[in-house]
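Chemist: Structure file start_13.csv, CSV, C-alpha atoms and all ligand atoms, is pasted below:
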chain,number,residue,atom,x,y,z
P,1,MET,CA,8.0,30.6,11.1
P,2,THR,CA,9.5,28.4,8.3
P,3,GLU,CA,7.7,28.6,5.0
P,4,ARG,CA,5.6,25.6,4.1
P,5,ARG,CA,7.2,23.4,1.5
P,6,HIS,CA,5.4,21.9,-1.4
P,7,PHE,CA,6.0,19.3,-4.2
P,8,ARG,CA,4.5,20.9,-7.3
P,9,SER,CA,7.0,20.5,-10.2
P,10,ILE,CA,10.4,19.0,-10.8
P,11,ASP,CA,12.1,22.3,-11.7
P,12,GLU,CA,10.7,24.0,-8.5
P,13,VAL,CA,12.0,21.1,-6.3
P,14,GLY,CA,15.5,21.1,-7.9
P,15,ILE,CA,18.2,18.4,-8.3
P,16,ASP,CA,19.5,18.3,-4.7
P,17,SER,CA,16.0,17.5,-3.3
P,18,ILE,CA,15.3,15.1,-6.2
P,19,ARG,CA,18.5,13.1,-5.3
P,20,ARG,CA,17.5,13.1,-1.6
P,21,LEU,CA,14.0,12.0,-2.5
P,22,LEU,CA,15.3,9.1,-4.6
P,23,ASP,CA,17.2,7.9,-1.6
P,24,VAL,CA,14.2,8.2,0.6
P,25,THR,CA,12.1,6.3,-2.0
P,26,ASP,CA,14.6,3.5,-1.8
P,27,HIS,CA,14.0,3.3,2.0
P,28,MET,CA,10.2,3.4,1.5
P,29,ALA,CA,10.5,0.6,-1.1
P,30,GLU,CA,12.2,-1.5,1.6
P,31,VAL,CA,9.4,-0.7,4.0
P,32,SER,CA,6.9,-1.7,1.3
P,33,ARG,CA,8.5,-5.2,1.0
P,34,ARG,CA,8.1,-6.0,4.7
P,35,PRO,CA,5.4,-8.5,5.7
P,36,ASN,CA,3.7,-5.6,7.5
P,37,PRO,CA,4.5,-2.7,5.2
P,38,LYS,CA,3.5,0.1,7.6
P,39,VAL,CA,5.4,2.6,9.7
P,40,PRO,CA,4.0,5.1,12.3
P,41,ALA,CA,5.9,8.1,10.7
P,42,LEU,CA,2.8,10.2,9.9
P,43,ARG,CA,0.5,9.2,12.7
P,44,GLY,CA,-1.8,12.1,13.6
P,45,ARG,CA,-1.3,13.8,10.2
P,46,THR,CA,-4.2,14.2,7.8
P,47,ILE,CA,-3.8,14.0,4.0
P,48,CYS,CA,-6.7,15.0,1.7
P,49,ASN,CA,-6.9,13.7,-1.8
P,50,LEU,CA,-8.6,16.3,-4.0
P,51,PHE,CA,-9.0,14.8,-7.5
P,52,PHE,CA,-11.0,16.9,-10.0
P,53,GLU,CA,-10.0,14.6,-12.9
P,54,ASP,CA,-10.2,10.9,-13.4
P,55,SER,CA,-7.5,8.7,-12.0
P,56,THR,CA,-6.9,5.1,-11.1
P,57,ARG,CA,-3.3,4.5,-10.2
P,58,THR,CA,-2.3,8.0,-9.0
P,59,ARG,CA,-5.2,8.3,-6.5
P,60,MET,CA,-4.9,4.7,-5.2
P,61,SER,CA,-1.2,5.1,-5.0
P,62,PHE,CA,-1.3,8.3,-2.9
P,63,ASP,CA,-4.0,6.7,-0.7
P,64,THR,CA,-1.9,3.6,-0.1
P,65,ALA,CA,1.2,5.7,0.5
P,66,ALA,CA,-0.5,7.8,3.1
P,67,LYS,CA,-1.9,4.6,4.9
P,68,ARG,CA,1.5,2.9,4.9
P,69,LEU,CA,2.8,6.0,6.7
P,70,SER,CA,-0.1,5.7,9.2
P,71,ALA,CA,-1.6,9.1,8.2
P,72,ASP,CA,-5.4,9.7,8.2
P,73,THR,CA,-6.8,10.2,4.8
P,74,MET,CA,-9.7,12.1,3.4
P,75,THR,CA,-10.8,11.7,-0.2
P,76,LEU,CA,-13.3,14.1,-1.8
P,77,ALA,CA,-15.5,12.4,-4.4
P,78,VAL,CA,-15.8,15.6,-6.5
P,79,GLY,CA,-18.7,14.1,-8.5
P,80,SER,CA,-20.9,13.9,-5.4
P,81,SER,CA,-19.6,17.0,-3.5
P,82,SER,CA,-20.9,20.5,-3.2
P,83,VAL,CA,-18.7,21.4,-6.2
P,84,ASN,CA,-21.7,20.2,-8.1
P,85,LYS,CA,-23.9,22.8,-6.3
P,86,GLY,CA,-21.5,25.5,-7.6
P,87,GLU,CA,-19.1,25.8,-4.6
P,88,SER,CA,-15.9,27.4,-5.8
P,89,LEU,CA,-12.5,25.8,-5.6
P,90,ARG,CA,-11.4,28.3,-3.0
P,91,ASP,CA,-14.4,27.7,-0.7
P,92,THR,CA,-13.9,23.9,-1.1
P,93,VAL,CA,-10.2,24.2,-0.1
P,94,GLU,CA,-10.9,26.6,2.8
P,95,THR,CA,-13.7,24.4,4.1
P,96,LEU,CA,-11.5,21.3,4.0
P,97,SER,CA,-8.6,23.2,5.5
P,98,ALA,CA,-10.8,24.2,8.4
P,99,MET,CA,-11.2,20.5,9.3
P,100,GLY,CA,-7.4,20.3,9.8
P,101,VAL,CA,-5.6,19.1,6.7
P,102,ASP,CA,-1.8,18.9,6.7
P,103,ALA,CA,-1.4,18.2,3.0
P,104,PHE,CA,-3.6,18.4,-0.1
P,105,VAL,CA,-2.8,16.0,-3.0
P,106,ILE,CA,-4.3,17.8,-6.0
P,107,ARG,CA,-5.2,16.8,-9.5
P,108,HIS,CA,-6.9,19.4,-11.7
P,109,ARG,CA,-7.5,19.9,-15.4
P,110,THR,CA,-6.1,23.5,-15.2
P,111,ALA,CA,-2.4,24.1,-15.2
P,112,GLY,CA,-1.2,26.0,-12.2
P,113,THR,CA,-4.0,25.0,-9.8
P,114,PRO,CA,-1.6,23.7,-7.1
P,115,TRP,CA,0.1,27.2,-7.0
P,116,GLN,CA,-3.3,28.9,-6.7
P,117,ILE,CA,-4.5,26.6,-3.9
P,118,ALA,CA,-1.3,27.2,-1.9
P,119,GLU,CA,-2.5,30.8,-1.6
P,120,TRP,CA,-5.6,29.7,0.2
P,121,THR,CA,-4.3,27.2,2.8
P,122,ASN,CA,-1.4,26.6,5.1
P,123,ALA,CA,-1.3,22.9,4.2
P,124,ALA,CA,1.5,21.4,2.0
P,125,ILE,CA,0.5,20.9,-1.6
P,126,VAL,CA,1.4,17.9,-3.7
P,127,ASN,CA,0.7,18.2,-7.4
P,128,ALA,CA,-0.8,14.9,-8.7
P,129,GLY,CA,-1.2,16.3,-12.2
P,130,ASP,CA,-2.2,19.8,-13.4
P,131,GLY,CA,-3.6,20.1,-16.9
P,132,TRP,CA,-0.9,19.7,-19.5
P,133,HIS,CA,1.7,21.1,-17.2
P,134,ALA,CA,3.3,18.8,-14.6
P,135,HIS,CA,3.1,15.4,-13.0
P,136,PRO,CA,6.2,15.4,-10.7
P,137,THR,CA,5.5,12.2,-8.6
P,138,GLN,CA,5.2,10.3,-11.9
P,139,ALA,CA,8.6,11.6,-12.9
P,140,LEU,CA,10.1,10.7,-9.5
P,141,LEU,CA,8.8,7.1,-9.6
P,142,ASP,CA,10.0,6.8,-13.2
P,143,ALA,CA,13.5,8.0,-12.3
P,144,TYR,CA,13.5,5.6,-9.3
P,145,THR,CA,12.4,2.7,-11.5
P,146,ILE,CA,15.3,3.4,-14.0
P,147,ARG,CA,17.8,3.9,-11.2
P,148,THR,CA,16.8,0.5,-9.6
P,149,ARG,CA,17.2,-1.2,-13.0
P,150,LEU,CA,20.7,0.4,-13.3
P,151,GLY,CA,21.7,-1.1,-9.9
P,152,GLY,CA,21.2,2.1,-7.9
P,153,ALA,CA,23.2,4.5,-10.2
P,154,THR,CA,23.1,8.0,-9.0
P,155,SER,CA,23.9,9.5,-12.4
P,156,PHE,CA,22.2,8.7,-15.7
P,157,ASP,CA,25.1,10.1,-17.8
P,158,GLY,CA,25.0,8.5,-21.3
P,159,LEU,CA,21.6,6.9,-20.8
P,160,SER,CA,19.6,7.3,-24.1
P,161,VAL,CA,15.9,7.8,-23.6
P,162,ALA,CA,13.2,8.2,-26.3
P,163,ILE,CA,9.9,9.6,-25.1
P,164,VAL,CA,7.4,8.7,-27.8
P,165,GLY,CA,3.9,9.9,-28.8
P,166,ASP,CA,1.7,12.7,-27.7
P,167,VAL,CA,4.3,14.9,-26.1
P,168,ARG,CA,2.4,18.1,-26.7
P,169,HIS,CA,-0.5,17.3,-24.4
P,170,SER,CA,1.4,15.3,-21.8
P,171,ARG,CA,2.3,16.6,-18.4
P,172,VAL,CA,4.1,13.3,-17.9
P,173,ALA,CA,6.5,14.1,-20.8
P,174,ARG,CA,7.3,17.5,-19.4
P,175,SER,CA,8.1,16.3,-15.9
P,176,VAL,CA,9.9,13.1,-17.0
P,177,THR,CA,12.1,15.1,-19.5
P,178,GLN,CA,13.0,17.5,-16.7
P,179,ILE,CA,14.0,14.9,-14.1
P,180,LEU,CA,15.9,12.6,-16.5
P,181,THR,CA,17.8,15.5,-18.1
P,182,MET,CA,18.7,16.8,-14.6
P,183,LEU,CA,20.1,13.4,-13.8
P,184,GLY,CA,22.2,13.4,-16.9
P,185,ALA,CA,20.2,11.3,-19.5
P,186,ASP,CA,20.1,12.2,-23.2
P,187,VAL,CA,16.3,12.6,-23.8
P,188,ARG,CA,14.9,12.6,-27.3
P,189,LEU,CA,11.2,13.3,-28.1
P,190,VAL,CA,9.8,11.1,-31.0
P,191,ALA,CA,6.5,12.3,-32.3
P,192,PRO,CA,4.6,13.6,-35.3
P,193,ARG,CA,5.3,17.4,-35.7
P,194,THR,CA,1.7,18.2,-34.6
P,195,LEU,CA,2.2,16.4,-31.3
P,196,LEU,CA,5.4,18.2,-30.2
P,197,PRO,CA,5.2,21.2,-27.8
P,198,PRO,CA,5.4,24.7,-29.3
P,199,VAL,CA,8.4,25.5,-27.1
P,200,PRO,CA,11.1,22.8,-27.6
P,201,MET,CA,12.0,21.0,-24.3
P,202,ALA,CA,14.5,18.4,-25.8
P,203,PRO,CA,15.8,17.4,-29.2
P,204,SER,CA,13.1,15.8,-31.3
P,205,SER,CA,12.7,13.5,-34.3
P,206,HIS,CA,9.8,11.9,-36.2
P,207,ASP,CA,11.0,8.4,-37.0
P,208,LEU,CA,10.6,5.8,-34.3
P,209,ASP,CA,12.2,3.1,-36.5
P,210,ASP,CA,15.4,5.2,-36.4
P,211,VAL,CA,15.8,4.9,-32.7
P,212,VAL,CA,13.9,1.8,-31.5
P,213,GLY,CA,16.9,-0.6,-31.8
P,214,ASP,CA,19.4,1.7,-30.0
P,215,VAL,CA,17.7,3.3,-26.9
P,216,ASP,CA,18.2,2.3,-23.3
P,217,VAL,CA,14.7,3.5,-22.4
P,218,LEU,CA,11.6,3.6,-24.6
P,219,TYR,CA,9.0,5.7,-22.8
P,220,LEU,CA,5.6,5.4,-24.4
P,221,LEU,CA,2.9,8.1,-23.9
P,222,ARG,CA,-0.8,7.7,-24.0
P,223,MET,CA,-2.6,9.6,-26.8
P,224,GLN,CA,-4.4,12.3,-24.8
P,225,SER,CA,-7.6,12.2,-26.9
P,226,GLU,CA,-9.5,14.3,-24.2
P,227,ARG,CA,-7.1,17.2,-24.7
P,228,MET,CA,-6.8,17.0,-28.5
P,229,GLY,CA,-8.2,19.2,-31.1
P,230,THR,CA,-9.2,17.6,-34.4
P,231,GLY,CA,-6.7,17.1,-37.2
P,232,LEU,CA,-3.6,16.6,-35.2
P,233,VAL,CA,-3.1,13.0,-36.2
P,234,PRO,CA,-4.2,11.2,-39.3
P,235,GLY,CA,-7.1,8.8,-39.0
P,236,GLY,CA,-7.0,5.1,-39.6
P,237,THR,CA,-3.9,3.2,-38.6
P,238,GLU,CA,-1.3,5.7,-39.8
P,239,TYR,CA,-0.4,6.9,-36.3
P,240,THR,CA,-0.1,3.4,-34.9
P,241,ASP,CA,1.9,2.2,-38.0
P,242,ARG,CA,4.5,5.0,-37.4
P,243,PHE,CA,4.6,5.6,-33.7
P,244,ALA,CA,3.3,2.5,-31.8
P,245,LEU,CA,5.4,-0.2,-30.2
P,246,THR,CA,4.4,-3.0,-32.5
P,247,PRO,CA,5.6,-6.7,-32.3
P,248,ALA,CA,8.0,-6.0,-35.2
P,249,ARG,CA,9.5,-3.0,-33.3
P,250,ALA,CA,9.6,-4.9,-30.1
P,251,ARG,CA,11.8,-7.5,-31.8
P,252,ARG,CA,14.3,-4.8,-32.6
P,253,LEU,CA,14.6,-3.6,-28.9
P,254,ARG,CA,17.8,-4.3,-27.2
P,255,ARG,CA,17.5,-7.1,-24.7
P,256,ASP,CA,18.6,-4.8,-21.9
P,257,ALA,CA,16.3,-1.9,-23.0
P,258,MET,CA,13.6,-0.6,-20.6
P,259,VAL,CA,10.0,-0.2,-21.9
P,260,MET,CA,7.9,2.2,-19.8
P,261,HIS,CA,4.4,3.7,-19.9
P,262,PRO,CA,2.7,5.9,-17.2
P,263,GLY,CA,-0.7,4.3,-17.8
P,264,PRO,CA,-3.4,4.1,-18.6
P,265,MET,CA,-2.4,2.3,-21.8
P,266,ASN,CA,-4.4,2.6,-25.0
P,267,ARG,CA,-3.8,-0.8,-26.3
P,268,GLY,CA,-4.0,-0.8,-30.1
P,269,VAL,CA,-3.0,2.9,-30.3
P,270,GLU,CA,0.5,3.5,-28.8
P,271,ILE,CA,1.2,-0.1,-28.1
P,272,THR,CA,0.0,-3.2,-30.1
P,273,VAL,CA,2.3,-5.7,-28.4
P,274,ASP,CA,1.2,-7.3,-25.2
P,275,PRO,CA,3.7,-5.8,-22.6
P,276,SER,CA,3.4,-8.9,-20.4
P,277,THR,CA,5.2,-10.8,-23.1
P,278,LEU,CA,8.1,-8.3,-23.2
P,279,GLY,CA,11.0,-9.0,-20.9
P,280,GLN,CA,11.9,-5.3,-21.2
P,281,SER,CA,8.7,-4.0,-19.8
P,282,LEU,CA,8.9,-2.1,-16.5
P,283,ILE,CA,5.3,-0.9,-16.6
P,284,LEU,CA,4.1,-2.8,-13.5
P,285,ASP,CA,7.4,-1.9,-11.7
P,286,GLN,CA,6.4,1.7,-12.3
P,287,VAL,CA,3.1,1.1,-10.5
P,288,THR,CA,4.7,-0.7,-7.6
P,289,ASN,CA,7.4,2.0,-7.2
P,290,GLY,CA,4.8,4.7,-7.4
P,291,ILE,CA,3.7,3.9,-3.8
P,292,ALA,CA,7.3,4.2,-2.4
P,293,ALA,CA,7.9,7.4,-4.3
P,294,ARG,CA,4.7,9.0,-3.0
P,295,MET,CA,5.5,7.8,0.5
P,296,ALA,CA,8.9,9.6,0.2
P,297,VAL,CA,7.3,12.8,-0.9
P,298,LEU,CA,4.6,12.8,1.9
P,299,PHE,CA,7.2,11.9,4.5
P,300,ASP,CA,9.6,14.6,3.3
P,301,LEU,CA,6.9,17.2,3.6
P,302,LEU,CA,5.2,16.1,6.8
P,303,GLY,CA,7.6,13.8,8.7
P,304,SER,CA,9.8,14.9,11.5
P,305,SER,CA,13.5,14.6,12.0
P,306,GLY,CA,14.2,11.9,9.5
P,307,THR,CA,12.9,9.0,11.5
P,308,LEU,CA,10.1,6.6,10.6
P,309,GLU,CA,9.5,5.9,14.3
P,310,ASP,CA,9.9,2.2,13.8
P,311,GLY,CA,13.5,2.4,14.9
P,312,SER,CA,14.9,3.1,11.4
P,313,ASN,CA,16.2,6.4,10.1
P,314,VAL,CA,15.8,7.8,6.6
L,401,LIG,N1,-1.8,9.0,-15.8
L,401,LIG,C1,-1.0,10.0,-16.4
L,401,LIG,C2,-1.5,11.4,-16.2
L,401,LIG,O1,-2.4,11.5,-15.4
L,401,LIG,C3,-0.8,9.7,-17.8
L,401,LIG,C4,-2.0,9.7,-18.7
L,401,LIG,O2,-3.1,9.9,-18.2
L,401,LIG,O3,-1.8,9.6,-19.9
L,401,LIG,O4,-1.1,12.3,-16.7
Kindly present the structure from the file in structure tokens form.
Modeler:
Amino acid sequence: MTERRHFRSIDEVGIDSIRRLLDVTDHMAEVSRRPNPKVPALRGRTICNLFFEDSTRTRMSFDTAAKRLSADTMTLAVGSSSVNKGESLRDTVETLSAMGVDAFVIRHRTAGTPWQIAEWTNAAIVNAGDGWHAHPTQALLDAYTIRTRLGGATSFDGLSVAIVGDVRHSRVARSVTQILTMLGADVRLVAPRTLLPPVPMAPSSHDLDDVVGDVDVLYLLRMQSERMGTGLVPGGTEYTDRFALTPARARRLRRDAMVMHPGPMNRGVEITVDPSTLGQSLILDQVTNGIAARMAVLFDLLGSSGTLEDGSNV
């Protein structure tokens, strides 16, 4: 029996699979642009969304991705489920598995949950965000968005990227740093000292004004207030004054720079300029590409023999 594959973190997946998945994402983006953006590739497969934390775009995006591949979907509304009667995570997973689930898409506030759940089910596991740890489909869609903007470049050698803000509490920062570094980019973290991770994952600095006029990619992070202890950032407007994308900083961006944010945005905190007025913003492209990237991941785990069954091959 071949061992079940999962998509749980960028480092676990590795660079060869990432490059392959970027190519598959490109194919899925083409499917998504068709008048009828649907292929029968996962007909008869069941994908269960298990979100134990709030989400707008990731949950909707996975749901749409599964439907575009013709899979059946189950979504557990955790707030109105037996989890509220004290049912354990393990019993919840085993119960749903017994209904015949081929893949679980999991978001949980605790780092490592996707690895734990893989011990309890034969289904494939996709990590949709575990605590502060990883958000690998966000990283895949971001790498694909940059690659598309670069005309399909397969290497990001020489690309300068600044990831700005609350790096410490951000699973997005960790996964995006990993994928962009693997693809050859020079990633720099720009944050107050208190919002950098205890173990360095890339070179860092503390002055956004030093880099804002030079970078190819300015990747803004949401301030993760729900994960933050007190006293990590000064009150008042000091954080915004030093680390937000303000209209004055936006004027210093290169015309061909890319401004990105994983959402949800805290307007007035990490961004005070309206991104819809910025020619450099790729924020809505990220959302659009998220569906294609998640289609690629689900198809890679559950599809058979590289065919979408609509006559095209991947
Ligand atoms: N949506 C992303 C996540 O779930 C980013 C964020 O919430 O700040 O990690």
Chemist: I'd like the contact shell of stretch 47-61 of chain P - 7 Å cut-off, only C-alpha atoms, skipping same-chain residues fewer than 5 positions apart - returned as a PyMOL selection string.
Modeler: chain P and resi 71-76+78+101-109+290-291
Chemist: Could you give me, as a VMD selection string, the residues that have an atom at most 8 Å away from the point (-1.1, 10.9, 11.5) in the coordinates of the file, using all atoms listed in the file?
Modeler: chain P and resid 40 to 46 69 to 72
Chemist: Give me, as an MDAnalysis selection string, the set of residues whose atoms come within 10 Å of any atom of ligand LIG 401 (chain L), counting all atoms listed in the file.
Modeler: chainID P and resid 53:59 107:109 128:136 138 166 169:173 220:226 261:266
Chemist: In terms of the shortest atom-to-atom distance over all atoms listed in the file, which of P:Ser205, P:Thr64, P:Ser82, P:Thr92 is closest to P:Lys38?
Modeler: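 When distances to P:Lys38 are compared using all atoms listed in the file, the smallest one comes from P:Thr64.
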Chemist: For the point (4.5, 12.0, -29.8) in the file's frame, write as a PyMOL selection string all residues with an atom no more than 7 Å away, counting only C-alpha atoms.
Modeler: chain P and resi 164-167+190-192+195-196
Chemist: Compare P:Pro200, P:Pro275, P:Pro37, P:Gly158 by their minimum atom-to-atom distance to P:Ala185, counting all atoms listed in the file, and give me the closest one.
Modeler: P:Gly158
Chemist: Please provide the set of residues having any atom within 8 Å of stretch 214-219 of chain P, restricted to all atoms listed in the file, with same-chain residues fewer than 5 positions apart removed, written as a ChimeraX atom specification.
Modeler: /P:159-164,253-254,256-261
Chemist: From the options P:Leu96, P:Leu183, P:Val269, P:Val39, which residue's atoms come nearest to P:Arg68, counting all atoms listed in the file?
Modeler: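 With all atoms listed in the file as the atom set, the closest residue is P:Val39.
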Chemist: Neighbouring residues of P:Trp120 were defined as those with any atom within 10 Å, considering only C-alpha atoms; residues of the same chain fewer than 4 positions away were excluded. Please report them as an NGL selection string.
Modeler: :P and (89-91 or 93-94 or 97 or 115-116)
Chemist: Quick one: everything within 9 Å of P:Phe156, counting all atoms listed in the file, minus sequence neighbours fewer than 4 positions away in the same chain. Send it as a count of residues only.
Modeler: 11
Chemist: Counting all atoms listed in the file, figure out which residue out of P:Val314, P:Val273, P:Ala118, P:Leu232 gets nearest to P:Asp23.
Modeler: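 So, comparing all the options, the nearest one is P:Val314.
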Chemist: List the spatial neighbours of P:Arg294 as a list in words - criterion: any atom at most 10 Å away, all atoms listed in the file, same-chain residues fewer than 4 positions off excluded.
Modeler: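 The contact residues come out as Leu21, Thr25, Met28, Thr58, Ser61, Phe62, Asp63, Thr64, Ala65, Ala66, Val126, Ala128, Thr137, Gln138, Leu140, Leu141, Asn289, Gly290, Leu298, Phe299 and Asp300 of chain P.
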Chemist: Keeping only C-alpha atoms, take the residues you just selected and write them out as a short mmCIF file (atom, residue, chain, number, x, y, z; two decimals), in the frame of the given file.
Modeler:
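For reference, part-v1.cif as written:
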data_model
loop_
_atom_site.label_atom_id
_atom_site.label_comp_id
_atom_site.auth_asym_id
_atom_site.auth_seq_id
_atom_site.Cartn_x
_atom_site.Cartn_y
_atom_site.Cartn_z
CA LEU P 21 14.00 12.00 -2.50
CA THR P 25 12.10 6.30 -2.00
CA MET P 28 10.20 3.40 1.50
CA THR P 58 -2.30 8.00 -9.00
CA SER P 61 -1.20 5.10 -5.00
CA PHE P 62 -1.30 8.30 -2.90
CA ASP P 63 -4.00 6.70 -0.70
CA THR P 64 -1.90 3.60 -0.10
CA ALA P 65 1.20 5.70 0.50
CA ALA P 66 -0.50 7.80 3.10
CA VAL P 126 1.40 17.90 -3.70
CA ALA P 128 -0.80 14.90 -8.70
CA THR P 137 5.50 12.20 -8.60
CA GLN P 138 5.20 10.30 -11.90
CA LEU P 140 10.10 10.70 -9.50
CA LEU P 141 8.80 7.10 -9.60
CA ASN P 289 7.40 2.00 -7.20
CA GLY P 290 4.80 4.70 -7.40
CA LEU P 298 4.60 12.80 1.90
CA PHE P 299 7.20 11.90 4.50
CA ASP P 300 9.60 14.60 3.30
#
Chemist: Which of these residues is nearest to P:Gly303, using all atoms listed in the file: P:Gly14, P:Ala124, P:Pro247, P:Thr237?
Modeler: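 Between P:Gly14, P:Ala124, P:Pro247, P:Thr237, the residue approaching P:Gly303 most closely is P:Ala124.
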Chemist: To one decimal place, how far is atom CA of P:Val233 from atom CA of P:Asp209 in Å?
Modeler: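 Separation between atom CA of P:Val233 and atom CA of P:Asp209: 18.2 Å.
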Chemist: Between atom CA of P:Ser175 and atom CA of P:Thr307, measure the distance and give it in Å to one decimal.
Modeler: 28.8 Å
Chemist: Could you state the separation of atom CA of P:Arg251 and atom CA of P:Ser204 in Å, given to one decimal place?
Modeler: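 A separation of 23.3 Å between them.
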Chemist: Using all atoms listed in the file, which of P:Leu22, P:Glu3, P:Asp207, P:Glu238 sits nearest P:Arg188?
Modeler: P:Asp207
